[in-house]
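Enquirer: Take a look at this one; I'll ask things after.
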Amino acid sequence: MASPNAFYSIQPAFTGGEISADVASRIDLDKYQVALLQAENAIVRPYGAVRKRPGMIYCGQTKYQDKKSMLVKFNFTVTISYMLEIGHKYIRVWRNGQYLGIELDTPYEAGELAGLRFVQSVDVLYIASGKHPVKKLMRYSEQEWKLADIDWQQVPYGDLNVDEENFVTPSGTTGTVTLTAVKDTWTAESVGDWIKLEQSMSGQTVSCTGGTSKSILAGDTWKITCHGTWSGTVTIEISYDDGGTWLQLRQYTSSDDYNPTESGTVEEYALVRVTVAKSSGSCTADLTVYPYTHVGHAKITGFASAREVTAEVEKALGGTNKTNNWYLSAWGKKQGYPSCATFFQDRLCFAANVKYPQRIWMSMTGDYENFSVDKESGTVTDDSAISADLLSLRPYQITHMDAGNDLIVLTEGNEWTISGSETVTPTNITPRLQQNYGCNDVEPVRVGNRLVYVQRRGSIIRDMAYSYDTDSYGGYDLTLLAKHLVNGKEIVDSSFAQEPDSVIYFVRSDGTLLCLTYIMEQKVYGWSHIVTDGVVEAVLAAQQGNNDVVYCQVAREINGKIARYIEKLDLDSDSENQQDYIMLDCAVRKAYEKAECVINGLEHLEGRTVLAMGDGYLFNPKTVQNGAIELEQAASNVVIGIPYTMVLEQPNFNTSVSGMGNIQGMQQTVNTVVLRLSKSFGGEIGPDKDTLHDIVYDIGEMDLGQPCLFSGDKNVTMGSGGFNKNGRVYIRHDKPYPFTLLSVVRGVTLGGAGL
């Protein structure tokens with residue numbers, strides 16, 4: 001064996017996060033130098049440190065203990081958010097971890113929750129589900145909320161009827177009418193659909209020699225021609241409310257020497273008529289309307305047979321003549337309802353239903369509940385509603401939309417963008433294919449100008465952003481170096497907490513919470529993961545003051561039964577006192593004016609073994625009985641909860657030795673370690689999980705319940721673990737104290753080649 005050689009190496013940061021064993025030998029990677037093999041129950045801080053994750057504070061139970069729910073954010077101000085607990089046919093409203101006692105009925109069953117999509121405008125949250133009409137949740141005050149269907153001013157329409165032999169004939173032009181089809185067309189599911197009829201209207205002329213003529217319908221061009229020698233006035237009148245109110249359109253005056261001839265157009269369908277008022281002579285006024293195509297709208301209200309329905313006219317029909325140019329609304333019971341929603345360039349946008357899985361619908365500009373198409377001089381106006389399709393060889397359904405500078409559209413098999421560099425109009429919209437990965441049901445997360453999303457099969461997490469170099473969108477597989485965290489598992493939920501550490505949280509299908517510290521402009525993206533004595537089923541980060549509070553729905557076994565709780569991760573503390581931290585799960589803090597031994601109000605922990613930190617002193621484990629525990633000595637400030645364990649493990653020691661090359665594969669042992677800590681206490685350290693000993697602190701203050709958190713360098717002499725080829729440092733921490741590791745220095749002795 002060669003003579004021992006001692007080497008020292010510092011790991012100054014941990015921003016590489018957790019990497020898998022498959023890449024544990026990739027010493028060529030920059031991330032290897034700042035990575036960890038394990039980061040369980042830890043959070044990687046963007047400036048380099050790694051800390052034990054905070055505990056979960058108990059907030060309350062979900063409505064149903066036997067059914068999952070989802071957590072959705074409702075933004076009120078930049079510092080205040082509500083949390084919506086959405087479960088089987090209900091919505092409950094929470095704020096700052098407290099249920100406000102507000103519950104609303106919904107049509108959404110437990111199995112439909114993953115398909116819900118949300119977009120908010122001020123105090124209105126639009127909810128798209130694909131299976132139910134779009135609804136909106138409206139907040140009037142903290143105690144007044146309402147969930148309602150949208151009373152659309154007009155809906156978008158699908159494709160033109162393709163059967164040229166199937167004519168539809170209306171029985172009237174206004175009010176309640178009967179629509180009769182030549183062929184079997186209607187079903188009971190047609191009730192609620194809108195229909196658009198395009199009817200060819202022939203030209204008409206009315207003549208008047210005195211008084212007022214009958215009215216005729218004008219849809220485009222009109223013309224007036226007068227004959228005779230007369231004195232008096234000829235007036236053209238127009239009505240936009242089916243003859244209820246008449247307005248003067250033109251008036252002509254003659255003194256025996258004038259016969260007007262003029263033409264013009266109407267901006268919208270209207271009745272016109274002519275009035276001749278003579279003081280002398282004779283006059284014939286001919287008012288003509290030219291042929292045009294009349295577009296009318298009706299909403300089907302009743303089903304009589306496959307060929308007959310009743311409908312309420314929303315915009316007057318042209319007449320009772322038949323037409324084969326008709327369209328049904330794009331949304332309905334048979335067609336399906338929108339399954340995605342967002343806002344883009346002051347338009348409310350929806351996408352994807354059963355009949356049109358690749359179609360996007362955009363409202364009129366600034367008029368979010370109106371999908372009508374207006375024309376001026378025969379040309380569609382720029383602020384009209386828009387319909388656009390993603391044209392690809394395979395009909396991948398749109399799964400999400402996200403609006404930044406461009407509109408990003410994610411489908412089951414690829415990713416598209418609609419440019420926002422210019423104003424999108426009905427004649428200026430061009431979807432552009434960007435990537436071919438696909439996205440699953442988990443809501444993408446926007447971080448700055450980048451979008452992070454879960455790939456179609458649910459086990460790869462990617463990002464995408466615009467690149468000026470390629471004039472296209474590209475990104476990375478963010479799980480490439482940490483495949484052990486996602487292999488064989490599916491990501492089922494996500495949320496982004498910008499403050500304080502820019503962490504994206506992902507719920508894994510087995511109840512583990514993955515944490516991605518993500519600041520891509522600084523090339524920081526590092527993984528860690530959270531486990532608790534239970535199953536995390538949903539996650540949400542909601543603003544509270546200057547921080548984002550992370551809420552979780554957790555299923556725990558309590559007194560032999562499954563209970564589903566809302567819990568929140570505690571906020572960071574900068575205190576030197578261990579009592580100011582909550583480092584336990586399903587935890588509660590009890591404060592008394594007079595110190596108490598018996599701590600009540602723990603029914604949510606019935607039958608569980610818990611730890612209690614009281615007035616800075618850590619008590620022995622206790623079992624909750626009848627909702628209470630008894631402490632060995634009285635305390636006035638007590639935190640009680642379920643313990644959890646942090647595990648940190650460094651990758652193999654790596655350095656190069658002059659004349660010997662790289663030391664990988666050589667026998668080595670870690671003799672000494674310098675831990676640079678901040679406000680920390682507790683923990684065990686060793687070369688592996690089977691050879692651990694306590695990190696030694698001055699425990700005198702702790703025994704007295706005084707602040708005991710340590711900041712500075714802690715020199716540790718490692719226990720004898722023998723020589724191996726790894727040179728790792730393994731830290732385990734299972735006590736309810738904070739622990740923040742800023743850097744690690746390893747002193748390693750080489751013991752030979754050992755190959």
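The chains in the structure tokens are called A, B, ... from first to last as shown; in each chain the residues are counted from 1, and the ligands are counted from 1 in the order shown.
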Which neighbours of Glu237 (chain A) fall inside 12 Å, counting only C-alpha atoms, when residues of the same chain fewer than 6 positions from it are skipped, and could you give them as a count of residues only?
Expert: 27
Enquirer: Can you pull out the residues contacting region 406-411 of chain A? Cut-off 9 Å, using only C-alpha atoms, and skip same-chain residues under 3 positions away; I want them as a VMD selection string.
Expert: chain A and resid 343 to 344 358 396 to 403 414 to 421 431 437 to 440 451 456
Enquirer: Restricting the output to C-alpha atoms, write the selected residues as a PDB file, in the first residue's frame.
Expert:
ATOM      1  CA  PHE A 343     -55.757  35.455 -21.689  1.00  0.00           C
ATOM      2  CA  PHE A 344     -53.717  36.802 -24.588  1.00  0.00           C
ATOM      3  CA  GLN A 358     -56.739  21.318 -32.109  1.00  0.00           C
ATOM      4  CA  TYR A 396     -52.863  15.949 -30.897  1.00  0.00           C
ATOM      5  CA  GLN A 397     -55.279  17.531 -28.433  1.00  0.00           C
ATOM      6  CA  ILE A 398     -54.342  20.859 -26.892  1.00  0.00           C
ATOM      7  CA  THR A 399     -53.660  20.359 -23.177  1.00  0.00           C
ATOM      8  CA  HIS A 400     -52.517  23.802 -21.986  1.00  0.00           C
ATOM      9  CA  MET A 401     -52.056  27.395 -23.092  1.00  0.00           C
ATOM     10  CA  ASP A 402     -49.718  29.909 -21.482  1.00  0.00           C
ATOM     11  CA  ALA A 403     -49.429  33.572 -22.412  1.00  0.00           C
ATOM     12  CA  ASN A 414     -45.949  18.904 -29.567  1.00  0.00           C
ATOM     13  CA  GLU A 415     -45.561  22.552 -28.617  1.00  0.00           C
ATOM     14  CA  TRP A 416     -46.644  25.588 -30.663  1.00  0.00           C
ATOM     15  CA  THR A 417     -46.467  29.356 -30.411  1.00  0.00           C
ATOM     16  CA  ILE A 418     -48.601  32.193 -31.715  1.00  0.00           C
ATOM     17  CA  SER A 419     -46.460  35.281 -32.081  1.00  0.00           C
ATOM     18  CA  GLY A 420     -47.283  38.297 -29.982  1.00  0.00           C
ATOM     19  CA  SER A 421     -44.819  40.615 -31.718  1.00  0.00           C
ATOM     20  CA  PRO A 431     -49.446  29.094 -35.185  1.00  0.00           C
ATOM     21  CA  TYR A 437     -42.389  16.366 -26.861  1.00  0.00           C
ATOM     22  CA  GLY A 438     -45.977  16.753 -25.673  1.00  0.00           C
ATOM     23  CA  CYS A 439     -47.378  17.732 -22.290  1.00  0.00           C
ATOM     24  CA  ASN A 440     -49.513  15.928 -19.703  1.00  0.00           C
ATOM     25  CA  LEU A 451     -42.071  27.766 -19.167  1.00  0.00           C
ATOM     26  CA  ARG A 456     -46.550  13.683 -21.950  1.00  0.00           C
TER      27      ARG A 456
END
Enquirer: Please return, as a ChimeraX atom specification, all residues of region 171-410 of chain A that DSSP assigns to strand (DSSP E) on the basis of the backbone.
Expert: /A:176-181,194-201,204-208,211-212,216-218,221-227,230-239,247-255,261-265,270-281,284-289,292-305,308-315,326-329,340-344,347-351,359-362,375-376,379-380,386-389,398-403,407-410
Enquirer: Interatomic distance between CA of Lys136 (chain A) and CA of Ala351 (chain A)?
Expert: 16.3 Å
Enquirer: Please identify all polymer residues within 6 Å of region 552-560 of chain A, counting only C-alpha atoms, omitting same-chain residues fewer than 6 positions from it, and present them as a PyMOL selection string.
Expert: chain A and resi 534-539+566-568+606-607
Enquirer: Go ahead and write the residues just picked, N, CA and C atoms, as an mmCIF file, in the first residue's frame.
Expert:
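Final output, out38.cif:
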data_model
loop_
_atom_site.group_PDB
_atom_site.id
_atom_site.type_symbol
_atom_site.label_atom_id
_atom_site.label_comp_id
_atom_site.auth_asym_id
_atom_site.auth_seq_id
_atom_site.Cartn_x
_atom_site.Cartn_y
_atom_site.Cartn_z
ATOM 1 N N GLY A 534 -46.770 10.185 5.440
ATOM 2 C CA GLY A 534 -48.056 10.316 4.788
ATOM 3 C C GLY A 534 -47.825 10.457 3.299
ATOM 4 N N VAL A 535 -48.851 10.869 2.567
ATOM 5 C CA VAL A 535 -48.783 10.980 1.114
ATOM 6 C C VAL A 535 -49.209 12.384 0.708
ATOM 7 N N VAL A 536 -48.313 13.118 0.053
ATOM 8 C CA VAL A 536 -48.662 14.430 -0.489
ATOM 9 C C VAL A 536 -49.436 14.211 -1.786
ATOM 10 N N GLU A 537 -50.628 14.815 -1.888
ATOM 11 C CA GLU A 537 -51.493 14.609 -3.056
ATOM 12 C C GLU A 537 -51.675 15.856 -3.908
ATOM 13 N N ALA A 538 -51.441 17.026 -3.351
ATOM 14 C CA ALA A 538 -51.604 18.276 -4.101
ATOM 15 C C ALA A 538 -50.731 19.339 -3.466
ATOM 16 N N VAL A 539 -50.336 20.339 -4.274
ATOM 17 C CA VAL A 539 -49.479 21.409 -3.778
ATOM 18 C C VAL A 539 -49.921 22.721 -4.395
ATOM 19 N N ILE A 566 -55.070 19.769 5.079
ATOM 20 C CA ILE A 566 -54.368 20.878 4.447
ATOM 21 C C ILE A 566 -53.265 21.311 5.411
ATOM 22 N N GLU A 567 -52.037 21.293 4.929
ATOM 23 C CA GLU A 567 -50.891 21.699 5.734
ATOM 24 C C GLU A 567 -50.040 22.668 4.919
ATOM 25 N N LYS A 568 -49.307 23.521 5.610
ATOM 26 C CA LYS A 568 -48.462 24.485 4.907
ATOM 27 C C LYS A 568 -47.045 24.423 5.454
ATOM 28 N N GLU A 606 -54.375 12.009 16.754
ATOM 29 C CA GLU A 606 -54.775 10.937 17.668
ATOM 30 C C GLU A 606 -54.059 9.627 17.326
ATOM 31 N N GLY A 607 -53.431 9.052 18.368
ATOM 32 C CA GLY A 607 -52.757 7.775 18.215
ATOM 33 C C GLY A 607 -51.356 7.861 17.646
#
Enquirer: Could you give me, as a Markdown table, a per-residue list for region 350-460 of chain A showing, wherever an atom lies at most 12 Å from an atom of region 513-525 of chain A, the closest pair of atoms and their distance in Å to one decimal, using only C-alpha atoms and sorting by chain then residue number from low to high?
Expert:
| residue | atom | partner | partner_atom | distance |
| --- | --- | --- | --- | --- |
| A:Val445 | CA | A:Tyr518 | CA | 11.2 |
| A:Arg446 | CA | A:Tyr518 | CA | 11.1 |
| A:Val447 | CA | A:Ile519 | CA | 8.2 |
| A:Gly448 | CA | A:Ile519 | CA | 8.9 |
| A:Asn449 | CA | A:Glu521 | CA | 9.8 |
| A:Arg450 | CA | A:Met520 | CA | 8.4 |
| A:Leu451 | CA | A:Met520 | CA | 10.9 |
| A:Val452 | CA | A:Tyr518 | CA | 9.9 |
| A:Ser459 | CA | A:Leu514 | CA | 11.9 |
Enquirer: Please list as number ranges by chain every residue within 12 Å of region 611-622 of chain A, counting only C-alpha atoms and excluding residues in the same chain fewer than 4 positions away.
Expert: A: 576-592, 595-599, 602, 605-607, 627-644, 682, 699-709, 734-737
